[in-house]
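Taking it in order: structure first as structure tokens, then the write-up.
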Amino acid sequence: MSKEYRFYRFVYRLVAWIFYSILGLRVTGRENVPDGAAVVCSPHASLLDPFYLAIGLGIKHHIHFMAKKELFQIKGIGRLVRRLGAFPVDRKSTDVTAIKTAMQYLRSGEKIGIFPEGTRVAQDDAVAAKAGAVRIADRSKVPVLPVYLQRTKRLFGKVKMVIGQPYYVCDGSRRLTGDDYRIKAGELMDQIKRLGDGL
């Protein structure tokens, strides 16, 4: 067990009861979480969303989140998120180092977390999804795990999470283009939205 994962488990046990008892996390579909590598994707509306996802998927699934590089420059917080296994990405450019880091984790059989919207968004369809998550999943030949996470959250309310079925972006019959990936990213967000319909 790596140092990252030991620390991750320690923090998980420390805060899980807060998310279930005080923040009202309610999870459906945890049985859909695959063992091994996957790209975990959900909507993003709150700074706490990575914690909701990590707690919701369960302690045995260590998610390495791709997070904006500015977060790592904040004293204390940067060190904490790095120790939890997160890694930085420069959102203003094609960050080759971040992509290589993500693919390395996936090759090692671990999960990475990417918010396809690329930033915090208060409502559905406010921004177009970026193609990075589906591109990395396809190039790494690992499944995408779509997760609906309720955007609006209230203290002592209920926050609903629905974990969907993992799926592969492409069947491998052909190499996808940039336009293909953008279409696939939109389809991913549509699928995530459908997971939350009727809740």
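Just so we're on the same page: first chain in the structure tokens is A, next is B, and so on; residues restart at 1 for each chain, and ligands are numbered from 1 in the order they show up.
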Which residues of region 20-69 of chain A sit at most 12 Å from region 166-185 of chain A, using only C-alpha atoms? Give each one's shortest atom pair and distance in Å (one decimal place), in chain and ascending residue order, as CSV.
```
residue,atom,partner,partner_atom,distance
A:Gly29,CA,A:Pro166,CA,11.0
A:Arg30,CA,A:Pro166,CA,11.3
A:Glu31,CA,A:Pro166,CA,10.8
A:Asn32,CA,A:Pro166,CA,7.0
A:Val33,CA,A:Pro166,CA,7.3
A:Pro34,CA,A:Pro166,CA,7.3
A:Asp35,CA,A:Pro166,CA,10.7
A:Gly36,CA,A:Pro166,CA,11.7
A:Ala37,CA,A:Pro166,CA,10.8
A:Ala38,CA,A:Pro166,CA,8.1
A:Val39,CA,A:Pro166,CA,9.1
A:Val40,CA,A:Pro166,CA,9.0
A:Cys41,CA,A:Ala185,CA,10.3
A:Ser42,CA,A:Ala185,CA,11.5
```
Emit the selected residues as a short mmCIF file (atom, residue, chain, number, x, y, z; two decimals), in the first residue's frame, including all heavy atoms.
```cif
data_model
loop_
_atom_site.label_atom_id
_atom_site.label_comp_id
_atom_site.auth_asym_id
_atom_site.auth_seq_id
_atom_site.Cartn_x
_atom_site.Cartn_y
_atom_site.Cartn_z
N GLY A 29 -25.91 2.86 -6.66
CA GLY A 29 -25.14 2.28 -7.75
C GLY A 29 -23.69 2.00 -7.45
O GLY A 29 -22.89 1.81 -8.37
N ARG A 30 -23.32 1.93 -6.18
CA ARG A 30 -21.91 1.67 -5.86
C ARG A 30 -21.42 0.34 -6.43
O ARG A 30 -20.23 0.17 -6.70
CB ARG A 30 -21.69 1.73 -4.35
CG ARG A 30 -20.22 1.65 -3.94
CD ARG A 30 -20.03 1.79 -2.46
NE ARG A 30 -20.14 3.18 -2.05
CZ ARG A 30 -20.43 3.58 -0.82
NH1 ARG A 30 -20.72 2.69 0.11
NH2 ARG A 30 -20.48 4.86 -0.53
N GLU A 31 -22.36 -0.60 -6.63
CA GLU A 31 -21.97 -1.90 -7.20
C GLU A 31 -21.46 -1.77 -8.64
O GLU A 31 -20.85 -2.70 -9.19
CB GLU A 31 -23.16 -2.87 -7.16
CG GLU A 31 -24.32 -2.52 -8.07
CD GLU A 31 -25.29 -1.49 -7.50
OE1 GLU A 31 -25.02 -0.96 -6.39
OE2 GLU A 31 -26.32 -1.21 -8.15
N ASN A 32 -21.68 -0.60 -9.27
CA ASN A 32 -21.22 -0.39 -10.65
C ASN A 32 -19.76 0.02 -10.74
O ASN A 32 -19.20 0.06 -11.84
CB ASN A 32 -22.07 0.68 -11.33
CG ASN A 32 -23.51 0.25 -11.54
OD1 ASN A 32 -23.78 -0.93 -11.73
ND2 ASN A 32 -24.42 1.20 -11.49
N VAL A 33 -19.14 0.33 -9.60
CA VAL A 33 -17.75 0.78 -9.63
C VAL A 33 -16.85 -0.40 -9.99
O VAL A 33 -16.83 -1.41 -9.27
CB VAL A 33 -17.33 1.38 -8.27
CG1 VAL A 33 -15.88 1.88 -8.36
CG2 VAL A 33 -18.25 2.50 -7.86
N PRO A 34 -16.10 -0.32 -11.08
CA PRO A 34 -15.25 -1.44 -11.47
C PRO A 34 -13.99 -1.52 -10.62
O PRO A 34 -13.52 -0.50 -10.10
CB PRO A 34 -14.91 -1.13 -12.93
CG PRO A 34 -14.93 0.36 -12.99
CD PRO A 34 -16.02 0.80 -12.03
N ASP A 35 -13.47 -2.71 -10.48
CA ASP A 35 -12.13 -2.85 -9.91
C ASP A 35 -11.14 -2.40 -10.97
O ASP A 35 -11.36 -2.56 -12.16
CB ASP A 35 -11.87 -4.30 -9.51
CG ASP A 35 -12.75 -4.75 -8.35
OD1 ASP A 35 -13.07 -3.90 -7.48
OD2 ASP A 35 -13.12 -5.94 -8.31
N GLY A 36 -10.05 -1.83 -10.54
CA GLY A 36 -9.03 -1.44 -11.51
C GLY A 36 -9.26 -0.06 -12.09
O GLY A 36 -10.05 0.74 -11.58
N ALA A 37 -8.57 0.19 -13.18
CA ALA A 37 -8.51 1.53 -13.76
C ALA A 37 -9.84 1.99 -14.35
O ALA A 37 -10.59 1.20 -14.92
CB ALA A 37 -7.43 1.58 -14.84
N ALA A 38 -10.11 3.29 -14.20
CA ALA A 38 -11.28 3.93 -14.81
C ALA A 38 -11.11 5.43 -14.69
O ALA A 38 -10.39 5.93 -13.82
CB ALA A 38 -12.58 3.49 -14.11
N VAL A 39 -11.79 6.16 -15.59
CA VAL A 39 -11.83 7.62 -15.51
C VAL A 39 -13.19 8.00 -14.94
O VAL A 39 -14.22 7.80 -15.58
CB VAL A 39 -11.61 8.27 -16.89
CG1 VAL A 39 -11.69 9.79 -16.77
CG2 VAL A 39 -10.27 7.85 -17.48
N VAL A 40 -13.19 8.53 -13.73
CA VAL A 40 -14.42 8.88 -13.02
C VAL A 40 -14.80 10.31 -13.40
O VAL A 40 -14.00 11.23 -13.26
CB VAL A 40 -14.22 8.76 -11.50
CG1 VAL A 40 -15.52 9.08 -10.76
CG2 VAL A 40 -13.72 7.36 -11.12
N CYS A 41 -16.03 10.48 -13.87
CA CYS A 41 -16.47 11.80 -14.36
C CYS A 41 -17.81 12.18 -13.75
O CYS A 41 -18.72 11.35 -13.66
CB CYS A 41 -16.63 11.78 -15.88
SG CYS A 41 -15.09 11.46 -16.77
N SER A 42 -17.95 13.43 -13.35
CA SER A 42 -19.21 13.92 -12.80
C SER A 42 -19.34 15.42 -13.04
O SER A 42 -18.36 16.07 -13.43
CB SER A 42 -19.28 13.63 -11.28
OG SER A 42 -18.70 14.68 -10.54
#
```
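By chain and then residue number, the residues within 7 Å of Arg91 (chain A) are Lys68, Val89 and Ser93 of chain A, counting only C-alpha atoms and disregarding those fewer than 2 positions away in sequence.
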Grab the residues selected above and save them as a PDB file, in the first residue's frame with N, CA, C and O atoms.
```pdb
ATOM      1  N   LYS A  68      -6.842  21.918 -10.918  1.00  0.00           N
ATOM      2  CA  LYS A  68      -6.174  23.095 -11.480  1.00  0.00           C
ATOM      3  C   LYS A  68      -4.891  23.395 -10.709  1.00  0.00           C
ATOM      4  O   LYS A  68      -4.822  23.273  -9.487  1.00  0.00           O
ATOM      5  N   VAL A  89      -3.027  20.351 -13.238  1.00  0.00           N
ATOM      6  CA  VAL A  89      -3.183  20.543 -14.672  1.00  0.00           C
ATOM      7  C   VAL A  89      -3.277  22.036 -14.957  1.00  0.00           C
ATOM      8  O   VAL A  89      -3.910  22.784 -14.209  1.00  0.00           O
ATOM      9  N   SER A  93      -3.696  25.560 -21.247  1.00  0.00           N
ATOM     10  CA  SER A  93      -2.953  24.993 -22.367  1.00  0.00           C
ATOM     11  C   SER A  93      -3.153  23.475 -22.382  1.00  0.00           C
ATOM     12  O   SER A  93      -3.769  22.910 -21.474  1.00  0.00           O
TER      13      SER A  93
END
```
Item to check | Residues near region 16-22 of chain A, cut-off 12 Å, only C-alpha atoms, skip fewer than 3 positions along chain, as an MDAnalysis selection string | outcome: chainID A and resid 8:13 25:27 48:59 153:161
Item to check | helix (DSSP H, G or I) residues, from DSSP on the backbone, in region 17-191 of chain A, as a ChimeraX atom specification | outcome: /A:17-22,30-32,49-57,69-73,77-83,96-107,132-140,178-191
Checklist entry - For the atom pair CA of Arg83 (chain A) and CA of Ala129 (chain A), what is the interatomic distance in Å to one decimal place? => result 28.1 Å
Tell me which protein, DNA and RNA residues are within 8 Å of Gly164 (chain A), counting only C-alpha atoms, leaving out same-chain ones fewer than 2 positions away, and put them as a JSON list (two decimals) with N, CA and C atoms, in the first residue's frame.
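What landed in result.json:
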```json
[["chain", "number", "residue", "atom", "x", "y", "z"],
["A", 29, "GLY", "N", -25.91, 2.86, -6.66],
["A", 29, "GLY", "CA", -25.14, 2.28, -7.75],
["A", 29, "GLY", "C", -23.69, 2.00, -7.45],
["A", 32, "ASN", "N", -21.68, -0.60, -9.27],
["A", 32, "ASN", "CA", -21.22, -0.39, -10.65],
["A", 32, "ASN", "C", -19.76, 0.02, -10.74],
["A", 145, "LEU", "N", -16.38, 6.05, -16.01],
["A", 145, "LEU", "CA", -17.42, 5.79, -15.02],
["A", 145, "LEU", "C", -18.23, 7.07, -14.83],
["A", 146, "PRO", "N", -19.44, 7.14, -15.39],
["A", 146, "PRO", "CA", -20.26, 8.35, -15.24],
["A", 146, "PRO", "C", -20.92, 8.39, -13.87],
["A", 147, "VAL", "N", -20.86, 9.53, -13.22],
["A", 147, "VAL", "CA", -21.45, 9.69, -11.89],
["A", 147, "VAL", "C", -22.27, 10.97, -11.85],
["A", 148, "TYR", "N", -23.55, 10.83, -11.52],
["A", 148, "TYR", "CA", -24.37, 12.02, -11.29],
["A", 148, "TYR", "C", -24.16, 12.47, -9.85],
["A", 162, "VAL", "N", -25.57, 9.22, -8.02],
["A", 162, "VAL", "CA", -25.93, 7.99, -8.73],
["A", 162, "VAL", "C", -24.74, 7.58, -9.59],
["A", 166, "PRO", "N", -20.07, 1.60, -16.04],
["A", 166, "PRO", "CA", -18.85, 1.97, -16.77],
["A", 166, "PRO", "C", -18.97, 1.56, -18.24],
["A", 192, "ILE", "N", -24.73, 11.44, -17.89],
["A", 192, "ILE", "CA", -24.67, 11.78, -16.47],
["A", 192, "ILE", "C", -25.97, 12.48, -16.04],
["A", 195, "LEU", "N", -28.79, 10.13, -15.47],
["A", 195, "LEU", "CA", -28.71, 9.37, -14.23],
["A", 195, "LEU", "C", -29.47, 10.08, -13.10]]
```
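Proximity ranking of A:Ile163, A:Pro43, A:Thr152, A:Gly78 relative to Leu23 (chain A) places A:Thr152 first, based on only C-alpha atoms.
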Next on the checklist: Here is a test: counting only C-alpha atoms, which residue of A:Arg194, A:Lys92, A:His44, A:Arg6 is nearest to Leu149 (chain A)?
Outcome noted: A:His44
Checklist entry - Which distance in Å separates CA of Ser108 (chain A) and CA of Gly186 (chain A), to one decimal? => result 27.7 Å
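CA of Val15 (chain A) to CA of Ala102 (chain A) spans 25.6 Å [interatomic distance, one decimal].
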